[in-house]
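A.B. asks: One file is attached below, model-v3.cif, containing mmCIF, C-alpha atoms.
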data_upload
loop_
_atom_site.label_atom_id
_atom_site.label_comp_id
_atom_site.auth_asym_id
_atom_site.auth_seq_id
_atom_site.Cartn_x
_atom_site.Cartn_y
_atom_site.Cartn_z
CA MET A 228 286.80 283.39 19.14
CA ALA A 229 287.32 281.47 15.92
CA SER A 230 290.77 281.29 14.44
CA PRO A 231 291.41 283.10 11.15
CA LEU A 232 291.85 279.74 9.46
CA ALA A 233 288.45 278.53 10.65
CA GLU A 234 286.83 281.74 9.41
CA ARG A 235 288.42 281.28 6.05
CA ARG A 236 287.58 277.60 5.84
CA PRO A 237 284.61 278.03 3.45
CA PHE A 238 286.65 280.24 1.18
CA LEU A 239 289.52 277.77 1.19
CA LEU A 240 287.12 274.96 0.39
CA LEU A 241 285.76 277.06 -2.46
CA LEU A 242 289.26 277.56 -3.82
CA VAL A 243 290.01 273.84 -3.58
CA LEU A 244 286.80 272.87 -5.35
CA LEU A 245 287.13 275.49 -8.05
CA THR A 246 290.74 274.51 -8.64
CA PHE A 247 289.74 270.89 -8.84
CA ASN A 248 287.12 271.71 -11.45
CA LEU A 249 289.51 273.95 -13.34
CA ILE A 250 292.09 271.18 -13.48
CA LEU A 251 289.43 268.84 -14.79
CA MET A 252 288.46 271.31 -17.47
CA SER A 253 291.97 272.25 -18.49
CA SER A 254 293.11 268.64 -18.72
CA ARG A 255 290.13 267.92 -20.90
CA VAL A 256 290.78 270.94 -23.10
CA ARG A 257 294.46 270.08 -23.51
CA GLY A 258 293.73 266.47 -24.37
CA ALA A 259 290.85 267.19 -26.65
CA GLY A 260 292.47 265.29 -29.47
CA ALA A 261 294.01 262.56 -27.38
CA ALA A 262 292.44 259.16 -27.21
CA GLU A 263 293.24 258.45 -23.62
CA ARG A 264 291.80 260.25 -20.64
CA SER A 265 293.86 261.59 -17.81
CA MET A 266 293.93 259.68 -14.55
CA LEU A 267 292.02 262.53 -12.91
CA GLN A 268 289.21 262.29 -15.37
CA GLN A 269 289.10 258.56 -14.97
CA ALA A 270 288.90 259.00 -11.22
CA VAL A 271 286.00 261.43 -11.59
CA LEU A 272 284.22 259.12 -13.95
CA THR A 273 284.78 256.21 -11.59
CA LEU A 274 283.34 258.20 -8.74
CA VAL A 275 280.36 259.43 -10.68
CA SER A 276 279.61 256.29 -12.67
CA PRO A 277 277.59 254.59 -9.86
CA VAL A 278 275.31 257.63 -9.74
CA LEU A 279 275.10 257.59 -13.48
CA LYS A 280 274.29 253.88 -13.56
CA VAL A 281 271.62 254.24 -10.89
CA THR A 282 270.17 257.20 -12.71
CA THR A 283 270.15 255.45 -16.04
CA TRP A 284 268.65 252.30 -14.56
CA ALA A 285 266.00 254.19 -12.64
CA ALA A 286 265.23 256.40 -15.62
CA GLY A 287 264.85 253.34 -17.81
CA GLY A 288 262.56 251.65 -15.31
CA ALA A 289 260.50 254.74 -14.74
CA ALA A 290 260.29 255.32 -18.47
CA SER A 291 259.06 251.77 -19.00
CA LEU A 292 256.46 252.22 -16.30
CA TRP A 293 255.44 255.55 -17.75
CA LEU A 294 255.21 254.15 -21.27
CA ALA A 295 253.17 251.20 -20.00
CA TYR A 296 250.87 253.63 -18.23
CA ILE A 297 250.56 255.75 -21.38
CA ASP A 298 249.86 252.60 -23.39
CA LEU A 299 247.19 251.52 -20.90
CA ARG A 300 245.62 254.94 -21.00
CA GLY A 301 245.76 254.81 -24.77
CA VAL A 302 244.14 251.39 -24.79
CA ARG A 303 241.41 252.58 -22.41
CA ASP A 304 240.73 255.69 -24.50
CA GLU A 305 240.77 253.62 -27.66
CA ASN A 306 238.42 251.12 -26.06
CA LEU A 307 235.97 253.86 -25.13
CA ARG A 308 236.23 255.35 -28.59
CA LEU A 309 235.68 251.97 -30.24
CA HIS A 310 232.65 251.37 -28.01
CA ASP A 311 231.24 254.71 -29.10
CA ASP A 312 231.96 253.84 -32.73
CA LEU A 313 230.34 250.46 -32.26
CA ASP A 314 227.20 251.99 -30.76
CA ARG A 315 227.01 254.56 -33.52
CA LEU A 316 227.63 252.05 -36.29
CA GLY A 317 225.12 249.64 -34.73
CA SER A 318 222.51 252.37 -34.67
CA GLU A 319 223.32 253.31 -38.25
CA ALA A 320 223.17 249.67 -39.31
CA ARG A 321 219.79 249.26 -37.65
CA GLN A 322 218.49 252.41 -39.32
CA SER A 323 219.90 251.26 -42.61
CA GLU A 324 218.33 247.83 -42.23
CA GLU A 325 215.02 249.44 -41.32
CA ALA A 326 215.23 251.67 -44.37
CA ARG A 327 216.09 248.68 -46.54
CA LEU A 328 213.14 246.67 -45.27
CA GLU A 329 210.80 249.61 -45.69
CA ALA A 330 212.10 250.16 -49.21
CA ALA A 331 211.50 246.48 -49.99
CA ARG A 332 207.95 246.67 -48.64
CA LEU A 333 207.20 249.84 -50.56
CA ARG A 334 208.67 248.30 -53.71
CA ASP A 335 206.36 245.32 -53.33
CA LEU A 336 203.47 247.66 -52.74
CA LEU A 337 204.39 249.63 -55.84
CA ASP A 338 204.53 246.44 -57.88
CA LEU A 339 201.07 245.54 -56.64
CA LYS A 340 199.79 249.04 -57.39
CA GLU A 341 201.04 248.69 -60.95
CA ARG A 342 199.43 245.27 -61.34
CA VAL A 343 196.05 246.35 -60.04
CA GLU A 344 193.88 247.93 -62.66
CA TYR A 345 191.84 249.94 -60.19
CA PRO A 346 192.92 253.26 -58.83
CA SER A 347 194.65 252.65 -55.53
CA VAL A 348 195.93 254.62 -52.57
CA PRO A 349 198.90 253.48 -50.49
CA ALA A 350 198.40 253.97 -46.78
CA ARG A 351 200.24 253.42 -43.53
CA VAL A 352 198.84 251.53 -40.56
CA ILE A 353 198.76 253.97 -37.66
CA GLY A 354 196.85 251.91 -35.13
CA ARG A 355 195.32 248.55 -34.40
CA ASP A 356 193.35 246.83 -31.70
CA THR A 357 194.87 244.01 -29.76
CA SER A 358 192.71 241.37 -31.40
CA ARG A 359 193.81 242.44 -34.89
CA MET A 360 190.16 242.68 -35.90
CA THR A 361 190.50 246.29 -36.98
CA VAL A 362 193.33 248.60 -37.98
CA LEU A 363 193.52 252.33 -38.58
CA LEU A 364 195.01 253.84 -41.73
CA ASP A 365 196.43 257.32 -42.24
CA ARG A 366 194.31 257.87 -45.36
CA GLY A 367 190.60 258.46 -45.43
CA ALA A 368 187.77 260.29 -47.10
CA GLY A 369 190.16 263.10 -47.95
CA GLN A 370 191.87 260.73 -50.35
CA SER A 371 188.51 259.55 -51.78
CA LEU A 372 188.51 256.37 -49.71
CA LYS A 373 185.07 254.99 -49.01
CA VAL A 374 183.40 252.28 -46.98
CA ASN A 375 183.90 248.82 -48.49
CA ASN A 376 187.07 249.73 -50.34
CA PRO A 377 189.22 246.56 -50.17
CA VAL A 378 192.56 246.73 -48.45
CA VAL A 379 195.37 244.46 -49.62
CA THR A 380 199.09 243.89 -49.28
CA PRO A 381 201.42 242.28 -51.82
CA ARG A 382 200.89 238.99 -49.96
CA GLY A 383 197.13 239.03 -49.83
CA VAL A 384 193.82 240.41 -48.59
CA VAL A 385 193.75 242.44 -45.39
CA GLY A 386 190.11 243.49 -45.16
CA ARG A 387 187.79 246.32 -46.09
CA ILE A 388 187.20 249.85 -44.94
CA ILE A 389 184.25 250.13 -42.57
CA GLU A 390 184.64 253.80 -41.61
CA ALA A 391 186.26 256.62 -43.53
CA ALA A 392 186.85 260.07 -42.10
CA SER A 393 189.09 262.86 -43.27
CA GLY A 394 192.68 261.62 -43.11
CA ILE A 395 191.88 258.40 -41.30
CA SER A 396 189.94 255.24 -41.94
CA LYS A 397 189.09 252.08 -40.07
CA VAL A 398 189.59 248.68 -41.64
CA GLN A 399 187.79 245.49 -40.69
CA THR A 400 190.32 242.70 -41.22
CA ILE A 401 189.33 239.34 -42.55
CA LEU A 402 189.96 237.88 -39.07
CA ASP A 403 186.84 239.63 -37.75
CA PRO A 404 184.07 237.03 -37.22
CA ASN A 405 181.68 239.53 -38.84
CA SER A 406 183.77 239.60 -41.98
CA GLY A 407 182.96 237.45 -44.98
CA VAL A 408 184.86 237.14 -48.23
CA ALA A 409 183.61 235.28 -51.30
CA ALA A 410 186.41 232.86 -52.08
CA LEU A 411 187.43 229.87 -54.15
CA ILE A 412 190.07 227.20 -54.05
CA GLN A 413 192.55 228.23 -56.72
CA ARG A 414 193.39 224.68 -57.83
CA THR A 415 189.84 223.23 -58.11
CA ARG A 416 187.74 226.44 -58.32
CA VAL A 417 185.57 225.21 -55.46
CA GLN A 418 183.72 228.17 -54.02
CA GLY A 419 182.80 229.19 -50.50
CA ILE A 420 182.78 232.03 -48.00
CA VAL A 421 185.82 232.78 -45.86
CA VAL A 422 184.88 234.12 -42.44
CA GLY A 423 187.09 235.27 -39.64
CA GLU A 424 187.71 233.36 -36.43
CA GLY A 425 189.71 235.96 -34.61
CA GLU A 426 192.99 234.66 -33.24
CA ARG A 427 192.33 231.20 -34.67
CA GLY A 428 192.55 232.42 -38.26
CA LEU A 429 190.02 231.88 -41.04
CA ARG A 430 187.38 229.34 -41.90
CA MET A 431 185.98 228.61 -45.34
CA GLU A 432 182.32 227.72 -45.19
CA TYR A 433 179.82 226.26 -47.62
CA VAL A 434 182.34 223.89 -49.13
CA SER A 435 180.69 220.71 -50.31
CA GLU A 436 181.76 217.50 -48.63
CA LEU A 437 182.45 216.12 -52.07
CA ALA A 438 184.60 219.05 -53.17
CA SER A 439 188.27 218.44 -53.81
CA VAL A 440 190.22 220.39 -51.22
CA GLU A 441 193.65 219.57 -49.88
CA VAL A 442 195.85 221.05 -47.23
CA GLY A 443 198.15 223.54 -48.92
CA ASP A 444 195.61 224.65 -51.52
CA VAL A 445 195.64 228.37 -52.14
CA VAL A 446 192.42 230.23 -51.42
CA VAL A 447 191.73 233.38 -53.45
CA THR A 448 188.90 235.88 -53.68
CA SER A 449 186.16 235.03 -56.17
CA GLY A 450 184.89 238.57 -56.63
CA LEU A 451 181.29 237.48 -56.15
CA ASP A 452 180.85 239.64 -53.04
CA LEU A 453 181.32 242.71 -55.23
CA ILE A 454 183.78 244.07 -52.68
CA TYR A 455 187.09 242.32 -53.32
CA PRO A 456 188.54 241.99 -56.81
CA LYS A 457 188.82 238.47 -58.10
CA GLY A 458 192.03 236.49 -57.69
CA VAL A 459 193.58 238.15 -54.64
CA VAL A 460 195.19 235.59 -52.35
CA ILE A 461 193.43 235.11 -49.02
CA GLY A 462 195.44 232.30 -47.56
CA VAL A 463 196.40 228.64 -47.65
CA VAL A 464 194.33 225.67 -46.47
CA SER A 465 195.78 224.51 -43.18
CA SER A 466 193.33 221.79 -42.16
CA ILE A 467 190.10 220.16 -43.27
CA GLY A 468 187.37 218.90 -40.98
CA GLU A 469 183.84 217.65 -41.10
CA GLY A 470 181.14 220.28 -41.04
CA GLU A 471 177.44 220.22 -40.45
CA GLY A 472 175.35 218.36 -43.01
CA LEU A 473 176.97 217.90 -46.36
CA THR A 474 179.70 220.47 -45.96
CA LYS A 475 183.24 220.38 -44.67
CA ILE A 476 185.09 222.92 -42.61
CA VAL A 477 188.20 224.18 -44.27
CA ARG A 478 190.58 226.14 -42.06
CA VAL A 479 192.65 228.72 -43.82
CA ARG A 480 195.84 230.42 -42.66
CA PRO A 481 195.82 234.06 -43.82
CA GLU A 482 198.63 234.81 -46.21
CA ALA A 483 198.97 238.48 -45.27
CA ASP A 484 200.75 238.88 -41.95
CA LEU A 485 198.02 240.73 -40.11
CA ARG A 486 200.11 240.99 -36.95
CA ARG A 487 202.81 243.03 -38.60
CA LEU A 488 200.96 245.25 -41.02
CA GLU A 489 202.76 248.48 -41.84
CA GLU A 490 201.94 249.62 -45.36
CA VAL A 491 198.85 248.60 -47.32
CA LEU A 492 197.15 249.42 -50.57
CA VAL A 493 193.54 250.56 -50.61
CA LEU A 494 191.76 249.74 -53.87
CA ARG A 495 189.19 252.23 -55.01
CA LYS A 496 187.13 249.65 -56.84
CA PRO A 497 184.05 250.97 -58.62
CA GLU A 498 181.14 250.42 -56.28
CA GLY A 499 179.01 247.44 -57.17
CA GLY A 500 181.18 246.61 -60.18
CA PRO A 501 181.99 243.02 -60.94
CA GLY A 502 185.16 241.58 -59.58
CA GLU A 503 188.02 241.64 -62.02
CA GLU A 504 190.79 239.15 -61.64
CA LEU A 505 194.19 240.42 -60.75
CA PRO A 506 196.97 239.31 -63.06
CA MET B 148 273.77 263.42 7.36
CA ARG B 149 273.13 266.52 5.32
CA LEU B 150 275.60 265.39 2.71
CA ALA B 151 273.98 261.96 2.55
CA ARG B 152 270.57 263.55 2.04
CA GLY B 153 272.19 265.80 -0.55
CA ALA B 154 273.58 262.78 -2.41
CA LEU B 155 270.15 261.15 -2.36
CA ALA B 156 268.51 264.36 -3.53
CA LEU B 157 271.11 264.57 -6.29
CA VAL B 158 270.22 261.10 -7.52
CA VAL B 159 266.50 262.01 -7.53
CA VAL B 160 267.15 265.27 -9.35
CA ALA B 161 269.40 263.57 -11.91
CA LEU B 162 266.70 260.99 -12.47
CA ALA B 163 264.02 263.64 -12.86
CA GLU B 164 266.22 265.66 -15.20
CA ALA B 165 266.95 262.59 -17.34
CA LEU B 166 263.25 261.78 -17.52
CA LEU B 167 262.29 265.34 -18.39
CA ALA B 168 264.98 265.58 -21.05
CA SER B 169 263.81 262.32 -22.61
CA TYR B 170 260.05 262.61 -22.40
CA LEU B 171 259.21 266.25 -21.76
CA PRO B 172 262.01 268.20 -23.39
CA GLY B 173 259.77 271.25 -23.64
CA VAL B 174 259.49 271.35 -19.86
CA ALA B 175 263.18 270.57 -19.35
CA ARG B 176 264.11 273.66 -21.35
CA TYR B 177 262.28 275.90 -18.91
CA CYS B 178 263.62 274.73 -15.59
CA ASP B 179 267.03 273.80 -14.19
CA LEU B 180 266.57 271.21 -11.47
CA PHE B 181 270.32 271.11 -10.67
CA THR B 182 270.35 274.83 -9.98
CA ILE B 183 267.29 274.43 -7.76
CA LEU B 184 269.04 271.74 -5.75
CA VAL B 185 272.17 273.85 -5.24
CA VAL B 186 270.12 276.92 -4.30
CA TYR B 187 268.11 274.85 -1.85
CA TYR B 188 271.23 273.63 -0.11
CA GLY B 189 272.73 277.10 -0.30
CA LEU B 190 269.76 278.58 1.55
CA THR B 191 269.27 275.80 4.08
CA SER B 192 272.83 274.64 4.84
CA PRO B 193 276.19 276.12 5.75
CA PRO B 194 278.32 277.26 2.77
CA PRO B 195 280.70 274.23 2.86
CA VAL B 196 277.79 271.81 2.49
CA ALA B 197 276.32 273.98 -0.26
CA MET B 198 279.63 274.01 -2.10
CA LEU B 199 280.15 270.26 -1.84
CA VAL B 200 276.61 269.62 -3.05
CA GLY B 201 277.21 272.17 -5.82
CA ALA B 202 280.44 270.48 -6.92
CA GLY B 203 278.86 267.05 -6.92
CA THR B 204 275.77 268.29 -8.72
CA GLY B 205 277.86 270.03 -11.36
CA LEU B 206 279.96 266.94 -12.02
CA VAL B 207 276.90 264.73 -12.35
CA GLU B 208 275.38 267.31 -14.66
CA ASP B 209 278.56 267.32 -16.76
CA ILE B 210 278.49 263.56 -17.04
CA LEU B 211 274.78 263.43 -17.83
CA LEU B 212 274.82 266.26 -20.36
CA GLY B 213 278.15 265.31 -21.89
CA THR B 214 279.53 268.81 -21.42
CA LEU B 215 283.13 269.67 -20.59
CA ILE B 216 283.85 267.89 -17.30
CA GLY B 217 284.33 270.45 -14.60
CA MET B 218 282.40 273.23 -16.29
CA ASN B 219 279.15 272.72 -14.45
CA GLY B 220 281.10 271.55 -11.41
CA PHE B 221 282.84 274.94 -11.34
CA LYS B 222 279.63 276.89 -11.90
CA LYS B 223 277.60 275.03 -9.33
CA THR B 224 280.40 275.19 -6.75
CA LEU B 225 280.52 278.93 -7.22
CA LEU B 226 276.74 279.12 -7.03
CA GLY B 227 276.70 277.04 -3.85
CA TYR B 228 279.28 279.34 -2.27
CA LEU B 229 277.50 282.55 -3.27
CA VAL B 230 274.04 281.42 -2.25
CA GLY B 231 275.37 279.81 0.93
CA THR B 232 277.17 283.03 1.87
CA VAL B 233 274.18 285.21 1.05
CA GLY B 234 271.89 282.80 2.87
CA SER B 235 274.05 282.97 5.99
CA LEU B 236 273.99 286.77 5.95
CA PHE B 237 270.31 287.41 5.18
CA MET B 238 266.97 285.86 6.06
CA LEU B 239 265.90 284.32 2.79
CA ASN B 240 263.25 281.91 3.97
CA GLN B 241 260.33 283.77 2.39
CA THR B 242 258.80 283.02 -0.97
CA ILE B 243 259.77 286.18 -2.82
CA PRO B 244 263.45 286.24 -1.77
CA ARG B 245 263.75 282.56 -2.63
CA PHE B 246 262.19 283.17 -5.99
CA GLY B 247 264.59 286.06 -6.55
CA ILE B 248 267.61 283.92 -5.69
CA LEU B 249 266.43 281.16 -8.03
CA PHE B 250 265.79 283.72 -10.76
CA LEU B 251 269.25 285.30 -10.38
CA ALA B 252 270.96 281.91 -10.10
CA THR B 253 269.59 280.98 -13.51
CA PHE B 254 271.20 284.09 -14.95
CA LEU B 255 274.45 283.47 -13.11
CA ASP B 256 274.86 280.09 -14.76
CA PRO B 257 275.48 281.28 -18.35
CA LEU B 258 277.39 284.31 -17.11
CA ALA B 259 279.84 282.07 -15.29
CA GLU B 260 280.13 279.83 -18.31
CA LEU B 261 280.77 282.83 -20.51
CA GLY B 262 283.68 283.88 -18.28
CA LEU B 263 285.09 280.36 -18.02
CA SER B 264 284.85 279.79 -21.75
CA ALA B 265 286.67 283.02 -22.39
CA ALA B 266 289.39 281.99 -19.92
CA LEU B 267 289.77 278.57 -21.53
CA GLY B 268 289.63 279.94 -25.07
CA ARG B 269 286.43 278.16 -25.91
CA SER B 270 283.58 279.63 -27.85
CA PHE B 271 280.27 280.11 -26.07
CA VAL B 272 277.00 281.42 -27.40
CA PHE B 273 275.15 283.30 -24.72
CA PRO B 274 271.48 282.27 -24.70
CA GLY B 275 268.82 284.81 -25.67
CA LEU B 276 267.61 286.99 -22.84
CA LEU B 277 263.99 286.11 -23.51
CA HIS B 278 264.70 282.40 -23.28
CA LEU B 279 266.87 282.98 -20.23
CA GLY B 280 264.08 284.98 -18.60
CA GLU B 281 261.58 282.21 -19.32
CA ARG B 282 263.98 279.63 -17.93
CA ALA B 283 264.58 281.73 -14.83
CA LEU B 284 260.84 282.12 -14.34
CA GLY B 285 260.29 278.38 -14.73
CA THR B 286 263.18 277.57 -12.41
CA GLY B 287 261.79 280.01 -9.84
CA ILE B 288 258.34 278.47 -9.87
CA VAL B 289 259.52 274.87 -9.85
CA GLY B 290 262.09 275.79 -7.21
CA LEU B 291 259.39 277.17 -4.90
CA LEU B 292 257.51 273.90 -5.34
CA PHE B 293 260.73 272.07 -4.46
CA PHE B 294 261.13 274.13 -1.28
CA TRP B 295 257.49 273.50 -0.34
CA LEU B 296 257.87 269.79 -0.92
CA ALA B 297 261.23 269.52 0.86
CA ALA B 298 259.77 271.31 3.92
CA ARG B 299 257.20 268.51 4.23
CA LEU B 300 259.68 265.66 4.02
CA PRO B 301 260.72 264.00 7.30
#
Output the file's structure as structure tokens, nothing else.
C.D. replies:
Amino acid sequence: MASPLAERRPFLLLLVLLTFNLILMSSRVRGAGAAERSMLQQAVLTLVSPVLKVTTWAAGGAASLWLAYIDLRGVRDENLRLHDDLDRLGSEARQSEEARLEAARLRDLLDLKERVEYPSVPARVIGRDTSRMTVLLDRGAGQSLKVNNPVVTPRGVVGRIIEAASGISKVQTILDPNSGVAALIQRTRVQGIVVGEGERGLRMEYVSELASVEVGDVVVTSGLDLIYPKGVVIGVVSSIGEGEGLTKIVRVRPEADLRRLEEVLVLRKPEGGPGEELP
Amino acid sequence: MRLARGALALVVVALAEALLASYLPGVARYCDLFTILVVYYGLTSPPPVAMLVGAGTGLVEDILLGTLIGMNGFKKTLLGYLVGTVGSLFMLNQTIPRFGILFLATFLDPLAELGLSAALGRSFVFPGLLHLGERALGTGIVGLLFFWLAARLP
């Protein structure tokens, strides 16, 4: 059987602890205005200060770790966000650049349309064969386009329409070996016929061996074929060789970039009318 | 051994409380980790251990919070005694009774301070019941998590 003192031990401990705390409080309340602490308070502080130091140190360390983690997370999120922004801005820049280039091409085309005295119809290239001999346009008979209407770009001749249906037309480019364009050397007015050589470019035939032709001379349409208006640039002389008989072979590099055609102008030249020089 | 574990737990709780008060003050307002610690020892240890842990916890709390030294020591000692006594008389190892004890302990804290302040001639503003209820609820929930976690420690 436990002694009465042992049974009351918890209660006694409670009294001791409560009294201890009460003394702490009362001494603090009494000395509220005093500068110096009581010895009891100092003892408590001395006892508790290691815990406080450990807590403060650990809290500081943990806080630093936590802040570093938050910073890292922030950096990661920011990185992802910046990547998204970069992708979006890149896409926008590409679209903007595309729009700018298209605007520039259309502006050139508009300038050409204003210079040409014939009625003209702008058209978009919607298809082409791999050899670049023919291309398809999104305009056709519905827009009064007819066979043999010349097709040009601001840089030069493209070809002529060989088929025209409603809303679509087929163009034979000047690279087609079956194509022939009456031409002349702009500098010396030497005449000839420019025929296509497919991937190799163009060849000017029927040029006299005695004619004055130099590499770099500009070749333009003469208008004598009654298809192309006079004075439209075909290309530039790239090389000169000996031909059969009394002629020379003049190779011409087309001025219009037939590999990257996008927008063209179809001239509705009066059929059979004489070629009229472009300004 | 129990007291040593109690001292270690006290350091962890003080650390957690300091962190919460600094970085998540909104959370710190709605749970009292010191009360949870005292209730835990009250329900799992004999009353003397609970009282000693309560006294130590209260003093550390006083130092950390800058309150009147002895105030929280007194309250937590009393809480340790009451919970320890109740815990030795009744089986309180189920979730709902534990939650109830944590809930009531949160209310006991300001009540004890009210009485002590009156005895010492100090003014004390009793917290709003709604806030106290929210704090008791938060303490109850976090306390149950504490019990669950402590049961899994070696």
A.B. asks: Just so the selection is clear, what residues does the PyMOL selection byres ((chain B) within 6 of (chain A)) cover here, as a VMD selection string?
C.D. replies: chain B and resid 162 195 216 to 217 221
A.B. asks: How would the residues just picked look written out with C-alpha atoms as a compact mmCIF listing (two decimals), in the frame of the given file?
C.D. replies:
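As written to disk, part_36.txt reads:
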# COMPACT_ATOMS: atom_id res chain seq x y z
CA LEU B 162 266.70 260.99 -12.47
CA PRO B 195 280.70 274.23 2.86
CA ILE B 216 283.85 267.89 -17.30
CA GLY B 217 284.33 270.45 -14.60
CA PHE B 221 282.84 274.94 -11.34
A.B. asks: Running the PyMOL selection byres ((chain B and resi 184) around 10) on this model by hand, what would come out? Give it as a ChimeraX atom specification.
C.D. replies: /B:153,156-157,160,179-183,185-189,197,200-201,204,223,227,290,293-294
A.B. asks: Taking 4 positions as the minimum chain separation for residues in the same chain, which residues sit within 9 Å of segment 424-430 of chain A when counting all atoms listed in the file? Answer as number ranges by chain.
C.D. replies: A: 358-360, 401-405, 420, 462, 476-481
A.B. asks: Written as a PDB file with C-alpha atoms, in the coordinates of the input, which residues does the PyMOL selection byres ((chain A and resi 351-353) around 7) give for the file shown?
C.D. replies:
ATOM      1  CA  ALA A 350     198.400 253.970 -46.780  1.00  0.00           C
ATOM      2  CA  GLY A 354     196.850 251.910 -35.130  1.00  0.00           C
ATOM      3  CA  VAL A 362     193.330 248.600 -37.980  1.00  0.00           C
ATOM      4  CA  LEU A 363     193.520 252.330 -38.580  1.00  0.00           C
ATOM      5  CA  LEU A 364     195.010 253.840 -41.730  1.00  0.00           C
ATOM      6  CA  ASP A 365     196.430 257.320 -42.240  1.00  0.00           C
ATOM      7  CA  LEU A 488     200.960 245.250 -41.020  1.00  0.00           C
ATOM      8  CA  GLU A 489     202.760 248.480 -41.840  1.00  0.00           C
ATOM      9  CA  GLU A 490     201.940 249.620 -45.360  1.00  0.00           C
ATOM     10  CA  VAL A 491     198.850 248.600 -47.320  1.00  0.00           C
TER      11      VAL A 491
END
A.B. asks: Can you pull out the residues contacting segment 390-398 of chain A? Cut-off 8 Å, using all atoms listed in the file, and skip same-chain residues under 6 positions away; I want them as a list of chain:residue names.
C.D. replies: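 Once the nearby chain positions are removed, what remains is A:Thr361, A:Val362, A:Leu363, A:Leu364, A:Asp365, A:Arg366, A:Gly367, A:Ala368, A:Gly369, A:Gln370, A:Leu372, A:Lys373, A:Val374, A:Val378.
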A.B. asks: Export C-alpha atoms of the chosen residues as a compact mmCIF listing (two decimals), keeping the file's coordinate frame?
C.D. replies:
# COMPACT_ATOMS: atom_id res chain seq x y z
CA THR A 361 190.50 246.29 -36.98
CA VAL A 362 193.33 248.60 -37.98
CA LEU A 363 193.52 252.33 -38.58
CA LEU A 364 195.01 253.84 -41.73
CA ASP A 365 196.43 257.32 -42.24
CA ARG A 366 194.31 257.87 -45.36
CA GLY A 367 190.60 258.46 -45.43
CA ALA A 368 187.77 260.29 -47.10
CA GLY A 369 190.16 263.10 -47.95
CA GLN A 370 191.87 260.73 -50.35
CA LEU A 372 188.51 256.37 -49.71
CA LYS A 373 185.07 254.99 -49.01
CA VAL A 374 183.40 252.28 -46.98
CA VAL A 378 192.56 246.73 -48.45
